[in-house]
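Data file: protein_37.cif. Format and content: mmCIF, C-alpha atoms and all ligand atoms.
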data_my_file
#
loop_
_atom_site.label_atom_id
_atom_site.label_comp_id
_atom_site.auth_asym_id
_atom_site.auth_seq_id
_atom_site.Cartn_x
_atom_site.Cartn_y
_atom_site.Cartn_z
CA MET A 1 -33.32 26.82 -28.65
CA GLU A 2 -30.57 24.30 -29.30
CA THR A 3 -29.64 22.43 -26.14
CA ARG A 4 -26.04 21.43 -25.77
CA GLN A 5 -25.09 17.84 -25.06
CA LYS A 6 -24.16 17.15 -21.49
CA VAL A 7 -20.82 15.89 -20.20
CA PHE A 8 -20.29 14.35 -16.76
CA SER A 9 -17.14 13.00 -15.17
CA GLY A 10 -15.66 12.32 -11.75
CA LEU A 11 -12.25 12.18 -10.10
CA GLN A 12 -11.45 10.42 -6.83
CA PRO A 13 -9.65 12.71 -4.38
CA THR A 14 -7.15 10.05 -3.38
CA GLY A 15 -3.54 11.16 -3.20
CA ASN A 16 -1.80 12.76 -6.06
CA ILE A 17 -3.12 13.51 -9.51
CA HIS A 18 -0.71 12.17 -12.12
CA ILE A 19 -0.06 12.58 -15.82
CA GLY A 20 -2.19 9.47 -16.57
CA ASN A 21 -5.25 11.10 -14.99
CA TYR A 22 -4.45 14.31 -16.81
CA LEU A 23 -3.90 12.93 -20.31
CA GLY A 24 -6.46 10.11 -20.01
CA ALA A 25 -9.31 12.29 -18.82
CA LEU A 26 -8.77 15.68 -17.20
CA LYS A 27 -7.35 17.50 -20.21
CA ASN A 28 -10.58 16.62 -22.02
CA TRP A 29 -12.67 17.83 -19.09
CA VAL A 30 -11.18 21.27 -19.59
CA SER A 31 -11.63 21.44 -23.35
CA PHE A 32 -15.20 20.09 -23.27
CA GLN A 33 -16.24 23.24 -21.42
CA ASP A 34 -16.09 25.14 -24.74
CA SER A 35 -18.80 23.17 -26.48
CA TYR A 36 -20.81 21.15 -23.94
CA GLU A 37 -22.80 21.64 -20.81
CA THR A 38 -20.34 20.22 -18.28
CA VAL A 39 -20.80 18.72 -14.82
CA TYR A 40 -17.65 17.69 -12.92
CA CYS A 41 -17.56 16.05 -9.56
CA VAL A 42 -14.88 15.22 -6.99
CA VAL A 43 -16.20 11.77 -6.10
CA ASP A 44 -15.37 11.56 -2.41
CA LEU A 45 -17.93 8.82 -1.69
CA HIS A 46 -16.12 6.57 -4.15
CA ALA A 47 -12.78 7.31 -2.55
CA ILE A 48 -13.81 6.08 0.91
CA THR A 49 -14.39 2.53 -0.38
CA VAL A 50 -10.70 1.78 0.35
CA PRO A 51 -8.89 2.31 3.67
CA TYR A 52 -8.11 5.98 4.36
CA ASP A 53 -7.20 8.47 7.06
CA PRO A 54 -10.00 11.07 7.56
CA VAL A 55 -7.60 13.90 8.42
CA GLU A 56 -5.48 13.37 5.31
CA PHE A 57 -8.63 12.79 3.27
CA LYS A 58 -10.04 16.22 4.09
CA LYS A 59 -6.84 17.81 2.78
CA ASP A 60 -6.75 15.58 -0.32
CA ARG A 61 -10.32 16.51 -1.14
CA ILE A 62 -9.62 20.23 -1.22
CA ALA A 63 -6.30 19.63 -3.00
CA ALA A 64 -8.07 17.66 -5.75
CA ALA A 65 -10.59 20.48 -6.22
CA LYS A 66 -7.72 22.98 -6.34
CA VAL A 67 -5.83 21.03 -9.00
CA LEU A 68 -8.93 20.86 -11.18
CA LEU A 69 -9.54 24.59 -10.79
CA ALA A 70 -5.87 25.27 -11.55
CA MET A 71 -6.13 23.18 -14.73
CA GLY A 72 -8.95 25.36 -15.94
CA ILE A 73 -12.20 23.88 -14.67
CA ASP A 74 -14.23 27.06 -14.53
CA PRO A 75 -17.10 27.14 -12.01
CA GLU A 76 -18.76 29.83 -14.13
CA ARG A 77 -19.01 27.41 -17.04
CA SER A 78 -19.16 24.01 -15.31
CA MET A 79 -21.13 22.67 -12.41
CA PHE A 80 -18.36 21.63 -10.02
CA TYR A 81 -18.81 20.12 -6.54
CA PHE A 82 -18.11 17.33 -4.05
CA GLN A 83 -20.27 14.23 -4.60
CA SER A 84 -21.05 13.76 -0.88
CA GLN A 85 -22.68 17.20 -0.77
CA VAL A 86 -25.38 16.22 -3.26
CA PRO A 87 -27.36 13.41 -1.58
CA GLN A 88 -29.26 12.52 -4.75
CA HIS A 89 -26.18 10.57 -5.93
CA ALA A 90 -26.54 8.10 -3.06
CA GLU A 91 -30.31 7.92 -3.40
CA LEU A 92 -30.18 7.08 -7.11
CA SER A 93 -27.40 4.58 -6.43
CA TRP A 94 -29.73 2.71 -4.08
CA ILE A 95 -32.52 2.60 -6.65
CA LEU A 96 -30.16 1.40 -9.40
CA GLY A 97 -28.72 -1.13 -6.97
CA THR A 98 -32.11 -2.83 -6.76
CA MET A 99 -31.89 -3.58 -10.48
CA THR A 100 -28.21 -4.59 -10.67
CA PRO A 101 -27.63 -8.35 -10.83
CA THR A 102 -24.87 -9.38 -8.42
CA GLY A 103 -23.51 -11.59 -11.20
CA VAL A 104 -22.66 -8.42 -13.14
CA LEU A 105 -20.84 -6.89 -10.16
CA ASN A 106 -18.89 -10.11 -9.64
CA ARG A 107 -17.36 -9.66 -13.10
CA MET A 108 -16.02 -6.12 -12.51
CA THR A 109 -12.25 -6.32 -12.89
CA GLN A 110 -11.47 -3.20 -10.79
CA TYR A 111 -13.49 -4.63 -7.92
CA LYS A 112 -11.64 -7.92 -8.08
CA GLU A 113 -8.23 -6.18 -8.17
CA LYS A 114 -9.00 -3.82 -5.29
CA ALA A 115 -10.73 -6.49 -3.20
CA ASP A 116 -7.62 -8.68 -3.56
CA LYS A 117 -5.38 -5.80 -2.42
CA VAL A 118 -7.36 -4.09 0.34
CA GLY A 119 -10.23 -6.43 1.18
CA ALA A 120 -13.81 -6.45 -0.02
CA ASN A 121 -16.62 -4.34 1.43
CA LEU A 122 -20.11 -3.56 0.24
CA GLY A 123 -19.18 -0.02 -0.85
CA LEU A 124 -16.36 -1.30 -3.03
CA TYR A 125 -18.69 -3.93 -4.49
CA SER A 126 -21.36 -1.40 -5.40
CA TYR A 127 -18.83 1.24 -6.55
CA PRO A 128 -19.87 0.85 -10.22
CA VAL A 129 -23.54 1.33 -9.28
CA LEU A 130 -22.74 4.66 -7.60
CA MET A 131 -20.73 5.62 -10.68
CA ALA A 132 -23.71 4.80 -12.91
CA ALA A 133 -25.87 6.94 -10.62
CA ASP A 134 -23.42 9.86 -10.96
CA ILE A 135 -23.68 9.72 -14.73
CA LEU A 136 -27.42 9.05 -15.02
CA LEU A 137 -28.40 11.55 -12.34
CA PHE A 138 -27.62 14.41 -14.74
CA ASN A 139 -28.64 12.53 -17.89
CA ALA A 140 -25.12 12.83 -19.30
CA ASP A 141 -24.54 12.09 -22.97
CA LEU A 142 -20.75 11.89 -22.88
CA VAL A 143 -18.33 10.73 -20.18
CA PRO A 144 -14.61 11.51 -20.60
CA VAL A 145 -12.57 8.80 -18.85
CA GLY A 146 -9.41 6.72 -19.27
CA ASP A 147 -9.43 3.19 -20.64
CA ASP A 148 -9.68 1.58 -17.18
CA GLN A 149 -13.28 2.85 -16.83
CA ARG A 150 -14.58 1.17 -20.00
CA GLN A 151 -16.24 -1.71 -18.17
CA HIS A 152 -17.89 0.61 -15.63
CA LEU A 153 -19.29 2.75 -18.45
CA GLU A 154 -20.70 -0.32 -20.18
CA MET A 155 -22.47 -1.20 -16.94
CA ALA A 156 -23.91 2.32 -16.63
CA ARG A 157 -25.31 2.03 -20.17
CA ASP A 158 -26.85 -1.37 -19.39
CA LEU A 159 -28.46 -0.01 -16.22
CA ALA A 160 -29.91 2.96 -18.10
CA GLU A 161 -31.42 0.61 -20.68
CA ARG A 162 -32.71 -1.78 -18.04
CA PHE A 163 -34.34 1.13 -16.17
CA ASN A 164 -35.88 2.63 -19.32
CA ASN A 165 -37.28 -0.75 -20.41
CA ARG A 166 -38.94 -1.30 -17.08
CA PHE A 167 -40.07 2.22 -16.10
CA GLY A 168 -40.22 4.26 -19.34
CA GLU A 169 -37.71 6.53 -21.10
CA VAL A 170 -36.08 8.45 -18.25
CA PHE A 171 -32.35 8.23 -18.91
CA HIS A 172 -30.14 9.10 -21.88
CA ILE A 173 -27.79 6.26 -22.78
CA PRO A 174 -24.33 7.70 -22.02
CA GLU A 175 -21.26 7.23 -24.24
CA ALA A 176 -17.72 6.91 -22.96
CA TYR A 177 -15.23 9.38 -24.42
CA ILE A 178 -11.86 7.65 -24.32
CA PRO A 179 -8.93 9.30 -26.12
CA ASP A 180 -7.19 7.40 -28.99
CA VAL A 181 -3.75 8.26 -27.64
CA SER A 182 -3.02 8.32 -23.89
CA ALA A 183 -6.09 6.41 -22.64
CA ARG A 184 -3.74 4.17 -20.69
CA ILE A 185 -0.52 5.83 -19.59
CA MET A 186 1.91 3.27 -18.22
CA SER A 187 4.15 3.37 -15.13
CA LEU A 188 7.52 5.02 -15.77
CA THR A 189 9.31 2.36 -13.74
CA ASP A 190 7.44 -0.63 -15.18
CA PRO A 191 5.86 0.15 -18.56
CA GLN A 192 4.00 -3.19 -18.50
CA VAL A 193 1.58 -1.88 -15.84
CA LYS A 194 -0.76 1.12 -15.77
CA MET A 195 0.42 4.26 -14.01
CA SER A 196 -1.52 4.25 -10.76
CA LYS A 197 -2.03 6.58 -7.79
CA SER A 198 -1.64 3.61 -5.48
CA ASP A 199 1.87 2.72 -6.73
CA ALA A 200 4.27 2.98 -3.77
CA ASN A 201 7.17 4.08 -5.99
CA PRO A 202 7.02 7.88 -6.53
CA LYS A 203 9.29 7.53 -9.59
CA SER A 204 6.57 5.55 -11.38
CA MET A 205 4.47 8.67 -12.01
CA VAL A 206 4.85 12.32 -12.92
CA LEU A 207 2.47 14.38 -10.81
CA VAL A 208 0.69 17.42 -12.16
CA LEU A 209 2.18 19.47 -9.29
CA ASP A 210 5.76 18.14 -9.61
CA VAL A 211 8.44 20.82 -9.87
CA PRO A 212 10.41 20.90 -13.16
CA ASP A 213 13.47 19.22 -11.67
CA ALA A 214 11.39 16.26 -10.43
CA ILE A 215 9.68 15.91 -13.82
CA ASN A 216 13.04 15.98 -15.53
CA LYS A 217 14.52 13.29 -13.29
CA LYS A 218 11.51 10.99 -13.49
CA ILE A 219 11.28 11.11 -17.28
CA LYS A 220 15.02 10.84 -17.81
CA SER A 221 15.12 7.73 -15.61
CA ALA A 222 11.98 6.16 -17.15
CA VAL A 223 12.56 2.48 -17.89
CA THR A 224 13.02 1.86 -21.63
CA ASP A 225 14.96 -0.81 -23.53
CA SER A 226 18.43 -1.32 -24.99
CA ASP A 227 17.65 -0.96 -28.69
CA PRO A 228 18.24 2.75 -29.31
CA GLY A 229 15.64 3.47 -32.07
CA VAL A 230 12.63 5.61 -31.21
CA ARG A 231 9.63 3.68 -32.63
CA TYR A 232 6.04 3.11 -31.58
CA ASP A 233 5.71 -0.54 -30.63
CA PRO A 234 3.86 -1.07 -27.32
CA THR A 235 4.77 -4.78 -27.22
CA GLU A 236 8.49 -4.63 -28.01
CA LYS A 237 9.16 -1.08 -26.77
CA PRO A 238 6.56 -0.28 -24.10
CA GLY A 239 8.64 2.40 -22.34
CA ILE A 240 9.42 4.40 -25.48
CA SER A 241 5.87 3.95 -26.78
CA ASN A 242 4.52 5.32 -23.50
CA LEU A 243 6.76 8.39 -23.77
CA LEU A 244 5.64 8.89 -27.38
CA GLU A 245 2.01 8.81 -26.25
CA ILE A 246 2.74 11.32 -23.49
CA MET A 247 4.49 13.68 -25.89
CA SER A 248 1.81 13.33 -28.55
CA ALA A 249 -1.05 13.96 -26.09
CA CYS A 250 0.68 17.04 -24.65
CA THR A 251 1.59 18.62 -27.97
CA GLY A 252 -1.17 17.43 -30.31
CA VAL A 253 1.58 16.26 -32.74
CA SER A 254 0.86 12.77 -34.10
CA ILE A 255 2.95 9.81 -32.98
CA ASP A 256 4.04 9.21 -36.59
CA ALA A 257 5.37 12.76 -36.86
CA LEU A 258 7.22 12.41 -33.55
CA VAL A 259 8.77 9.12 -34.68
CA ASP A 260 9.94 10.82 -37.91
CA GLU A 261 11.54 13.56 -35.87
CA TYR A 262 13.24 11.44 -33.17
CA ALA A 263 13.78 8.03 -34.86
CA THR A 264 17.57 8.29 -34.79
CA SER A 265 18.18 11.01 -32.21
CA GLY A 266 18.97 8.60 -29.37
CA TYR A 267 17.09 8.11 -26.11
CA GLY A 268 18.84 10.93 -24.24
CA VAL A 269 17.71 13.61 -26.68
CA PHE A 270 14.22 12.13 -26.99
CA LYS A 271 13.67 11.86 -23.24
CA GLN A 272 14.84 15.44 -22.74
CA ALA A 273 12.35 16.61 -25.36
CA VAL A 274 9.54 14.71 -23.60
CA ALA A 275 10.55 16.16 -20.22
CA ASP A 276 10.59 19.70 -21.65
CA VAL A 277 7.11 19.31 -23.10
CA VAL A 278 5.68 17.96 -19.83
CA ILE A 279 7.36 20.71 -17.78
CA GLU A 280 5.82 23.31 -20.09
CA GLU A 281 2.40 21.67 -19.87
CA PHE A 282 2.34 21.58 -16.06
CA ALA A 283 4.11 24.85 -15.16
CA PRO A 284 1.00 27.07 -15.48
CA ILE A 285 -1.08 24.58 -13.48
CA ARG A 286 1.39 24.65 -10.58
CA VAL A 287 1.46 28.45 -10.60
CA ALA A 288 -2.35 28.67 -10.62
CA TYR A 289 -2.53 26.07 -7.83
CA GLU A 290 -0.23 28.08 -5.57
CA ARG A 291 -2.44 31.14 -6.02
CA LEU A 292 -5.62 29.42 -4.88
CA ASP A 293 -6.70 29.80 -1.28
CA ASP A 294 -8.26 26.81 0.51
CA ALA A 295 -11.06 28.86 2.10
CA ASP A 296 -12.02 30.39 -1.27
CA VAL A 297 -12.05 26.95 -2.85
CA ALA A 298 -14.25 25.58 -0.05
CA ARG A 299 -16.72 28.43 -0.64
CA MET A 300 -16.71 27.77 -4.37
CA MET A 301 -17.40 24.07 -3.82
CA HIS A 302 -20.21 24.89 -1.42
CA LYS A 303 -21.84 27.12 -4.02
CA GLY A 304 -21.33 24.42 -6.67
CA ALA A 305 -23.09 21.89 -4.46
CA LEU A 306 -26.07 24.19 -3.92
CA ASP A 307 -26.56 24.55 -7.67
CA ALA A 308 -25.95 20.84 -8.29
CA ARG A 309 -28.51 19.86 -5.64
CA ILE A 310 -31.19 21.93 -7.36
CA ALA A 311 -30.34 20.50 -10.79
CA ALA A 312 -30.07 16.94 -9.46
CA GLU A 313 -33.37 17.19 -7.61
CA ALA A 314 -35.22 18.12 -10.81
CA TYR A 315 -33.96 14.92 -12.49
CA GLN A 316 -34.32 12.77 -9.42
CA ALA A 317 -37.99 13.79 -9.02
CA LYS A 318 -38.62 12.14 -12.42
CA VAL A 319 -36.84 8.98 -11.33
CA ARG A 320 -38.86 8.80 -8.09
CA ALA A 321 -42.09 9.32 -10.02
CA ALA A 322 -41.14 6.60 -12.51
CA VAL A 323 -40.46 3.98 -9.82
CA GLY A 324 -43.43 4.88 -7.60
CA LEU A 325 -41.53 6.71 -4.88
CA ASP A 326 -43.05 10.16 -5.53
CA ARG A 327 -42.97 12.54 -2.61
CA ILE A 328 -46.50 12.72 -1.17
P1 LIG A 401 -9.24 8.18 -10.62
O1 LIG A 401 -8.05 8.81 -10.06
O2 LIG A 401 -9.23 6.70 -10.48
O3 LIG A 401 -10.52 8.83 -10.15
O4 LIG A 401 -9.15 8.44 -12.17
C1 LIG A 401 -9.45 9.67 -12.78
C2 LIG A 401 -9.44 9.51 -14.27
O5 LIG A 401 -8.12 9.22 -14.73
C3 LIG A 401 -10.33 8.38 -14.79
O6 LIG A 401 -11.02 8.82 -15.93
C4 LIG A 401 -9.36 7.28 -15.14
O7 LIG A 401 -9.83 6.45 -16.18
C5 LIG A 401 -8.15 8.08 -15.60
N1 LIG A 401 -6.89 7.35 -15.43
C6 LIG A 401 -6.41 6.81 -14.28
N2 LIG A 401 -5.20 6.24 -14.48
C7 LIG A 401 -4.92 6.42 -15.81
C8 LIG A 401 -3.80 6.06 -16.64
N3 LIG A 401 -2.74 5.41 -16.14
N4 LIG A 401 -3.85 6.42 -17.95
C9 LIG A 401 -4.92 7.09 -18.46
N5 LIG A 401 -5.99 7.46 -17.72
C10 LIG A 401 -6.00 7.13 -16.42
N1 LIG A 402 -14.53 5.44 -11.19
C1 LIG A 402 -13.93 6.62 -11.74
C2 LIG A 402 -12.40 6.47 -11.67
O1 LIG A 402 -11.86 5.76 -10.90
C3 LIG A 402 -14.34 7.87 -11.01
C4 LIG A 402 -15.79 8.17 -11.22
C5 LIG A 402 -16.80 8.10 -10.30
C6 LIG A 402 -16.40 8.59 -12.44
N2 LIG A 402 -17.98 8.47 -10.84
C7 LIG A 402 -17.77 8.76 -12.15
C8 LIG A 402 -15.91 8.82 -13.73
C9 LIG A 402 -18.68 9.15 -13.14
C10 LIG A 402 -16.83 9.22 -14.71
C11 LIG A 402 -18.19 9.37 -14.42
O2 LIG A 402 -11.74 7.11 -12.37
#
Do you think you could lay out the structure here as structure tokens?
Ligand code: AMP
Ligand code: TRP
Amino acid sequence: METRQKVFSGLQPTGNIHIGNYLGALKNWVSFQDSYETVYCVVDLHAITVPYDPVEFKKDRIAAAKVLLAMGIDPERSMFYFQSQVPQHAELSWILGTMTPTGVLNRMTQYKEKADKVGANLGLYSYPVLMAADILLFNADLVPVGDDQRQHLEMARDLAERFNNRFGEVFHIPEAYIPDVSARIMSLTDPQVKMSKSDANPKSMVLVLDVPDAINKKIKSAVTDSDPGVRYDPTEKPGISNLLEIMSACTGVSIDALVDEYATSGYGVFKQAVADVVIEEFAPIRVAYERLDDADVARMMHKGALDARIAAEAYQAKVRAAVGLDRI
């Protein structure tokens, strides 16, 4: 029997899911369900490495699961659960931590950025080790993520190799799947910086659950430049290039073809076309989200975790045996 390759990815349930998350990673999560064995996880243990309010967090966690379900993550076809409900993630993270040089962790750019902003803690420091454990726990082959996760993926690959060299071939070496277009969607208010959930300015990002009027306003007021030609040039025209990437990733039409179509149409017409495409992309997700009931979603996630625990335990037993921690 042919076994399908395995895909794993995770999303932190912090705040609002934006178009960068969607086009950088989540849209691929949905389409990979057609041809891969898929495991998707709401990584709540990662999310608590920065300051948070537990009451809000509980709501955000369910909301994140609901958005993913509304996008088309199908629990019949994907394993889908909350990371904290499958303890093997944390166990494997500990084992991998014992073979992670601190020098490697010191070089992680996301750690340095977050530690500067919110203060360092051990969880934040070992965040990439837990991420490697997520991926390796299920022996994933392919990991759909945005460009900002490249360095973490490289570390996961190194850890897999290090483990295999020392203890025998246990892990597959995972590959990042990073889209050519839209791997790094930029802020709408400052196209020099990445669109980020933690940006305090709500106009900087279009959210997957934004109503059409909000999407329209945010895209129409996106910061661009004063030269009116629509061209792809991320250095000279970062705002317009970002909108071209958004439109291309939503429609599947190449950037070159979009430039041919809108080169001389003026920014007003072009921005309206982008807004229309995004509104159309997100409308069905918002409708599906409204139909989902929190209690049903909680039950679904509980069931997902039960299945994931059984699957994870089968892999984790091999890891324990390899390192001499077999259950006796
Ligand atoms: P996070 O919300 O940090 O868990 O990110 C979820 C996914 O979205 C990850 O695969 C990120 O790489 C991706 N992502 C986050 N921000 C962006 C962005 N501005 N552009 C493209 N992908 C992004
Ligand atoms: N660090 C990832 C992010 O911020 C989230 C994540 C955690 C993840 N574990 C993962 C992504 C495993 C892919 C695979 O986006």
Go ahead and fit an axis-aligned box to every listed atom of segment 252-271 of chain A plus 3 Å each side, and pass me the centre and edge lengths in Å, one decimal, as AutoDock Vina command-line options.
--center_x 8.9 --center_y 12.7 --center_z -30.6 --size_x 26.1 --size_y 15.4 --size_z 20.7
Taking all atoms listed in the file into account, which residues are within 10 Å of ligand LIG 402 (chain A), as number ranges by chain? A: 7-14, 21, 24-25, 39-47, 83, 89, 110, 127-136, 140, 142-150, 152-153, 156, 174, 176-177
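Look at Arg299 of chain A: the protein and nucleic acid residues within 12 Å of it, using all atoms listed in the file and passing over chain neighbours fewer than 5 places away, are A:Ile62, A:Ala65, A:Lys66, A:Pro75, A:Phe80, A:Tyr81, A:Phe82, A:Leu292, A:Asp293, A:Asp294, A:Gly304, A:Ala305, A:Leu306.
Among the candidates A:Ser196, A:Ala64, A:Val259, A:Gln88, the one nearest to Ala314 of chain A when counting only C-alpha atoms is A:Gln88.
Here atom CA of Cys250 of chain A and atom CA of Phe282 of chain A stand 9.9 Å from one another.
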Correct to one decimal, the distance atom CA of Met108 of chain A-atom C3 of ligand LIG 401 (chain A) is 15.7 Å
One decimal place gives the atom CA of Met79 of chain A-atom CA of Leu159 of chain A separation as 24.1 Å
8 Å contact set for segment 251-255 of chain A, only C-alpha atoms, chain neighbours under 4 positions out, as a list in words: Tyr232, Leu244, Glu245, Met247, Val259 and Val277 of chain A
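Using only C-alpha atoms, the protein and nucleic acid residues lying no more than 10 Å from segment 317-322 of chain A, apart from those fewer than 3 places from it along its own chain, are Gln88, Glu91, Leu92, Ile95, Leu137, Phe163, Asn164, Arg166, Phe167, Gly168, Glu169, Val170, Phe171, Ala312, Glu313, Ala314, Leu325, Asp326 and Arg327 of chain A.
Distances from A:Ser182, A:Thr235, A:Asn106, A:Ser248 to ligand LIG 401 (chain A) were compared using all atoms listed in the file, and the smallest one belongs to A:Ser182.
For Asn242 of chain A, the list of residues within 10 Å, based on all atoms listed in the file and with local chain neighbours fewer than 5 positions off taken out, reads Val181, Ser182, Arg184, Ile185, Met186, Ser187, Leu188, Pro191, Gln192, Ala222, Thr224, Tyr232, Asp233, Pro234, Lys237, Met247 and Ser248 of chain A.
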Hey, can you spit out that residue selection with C-alpha atoms as a compact mmCIF listing (two decimals), in the frame of the given file?
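Result file is again04.txt:
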# COMPACT_ATOMS: atom_id res chain seq x y z
CA VAL A 181 -3.75 8.26 -27.64
CA SER A 182 -3.02 8.32 -23.89
CA ARG A 184 -3.74 4.17 -20.69
CA ILE A 185 -0.52 5.83 -19.59
CA MET A 186 1.91 3.27 -18.22
CA SER A 187 4.15 3.37 -15.13
CA LEU A 188 7.52 5.02 -15.77
CA PRO A 191 5.86 0.15 -18.56
CA GLN A 192 4.00 -3.19 -18.50
CA ALA A 222 11.98 6.16 -17.15
CA THR A 224 13.02 1.86 -21.63
CA TYR A 232 6.04 3.11 -31.58
CA ASP A 233 5.71 -0.54 -30.63
CA PRO A 234 3.86 -1.07 -27.32
CA LYS A 237 9.16 -1.08 -26.77
CA MET A 247 4.49 13.68 -25.89
CA SER A 248 1.81 13.33 -28.55
Can you list, as a count of residues only, every protein, DNA or RNA residue that comes within 8 Å of segment 118-122 of chain A when you count only C-alpha atoms, leaving out same-chain residues fewer than 6 positions away? 3
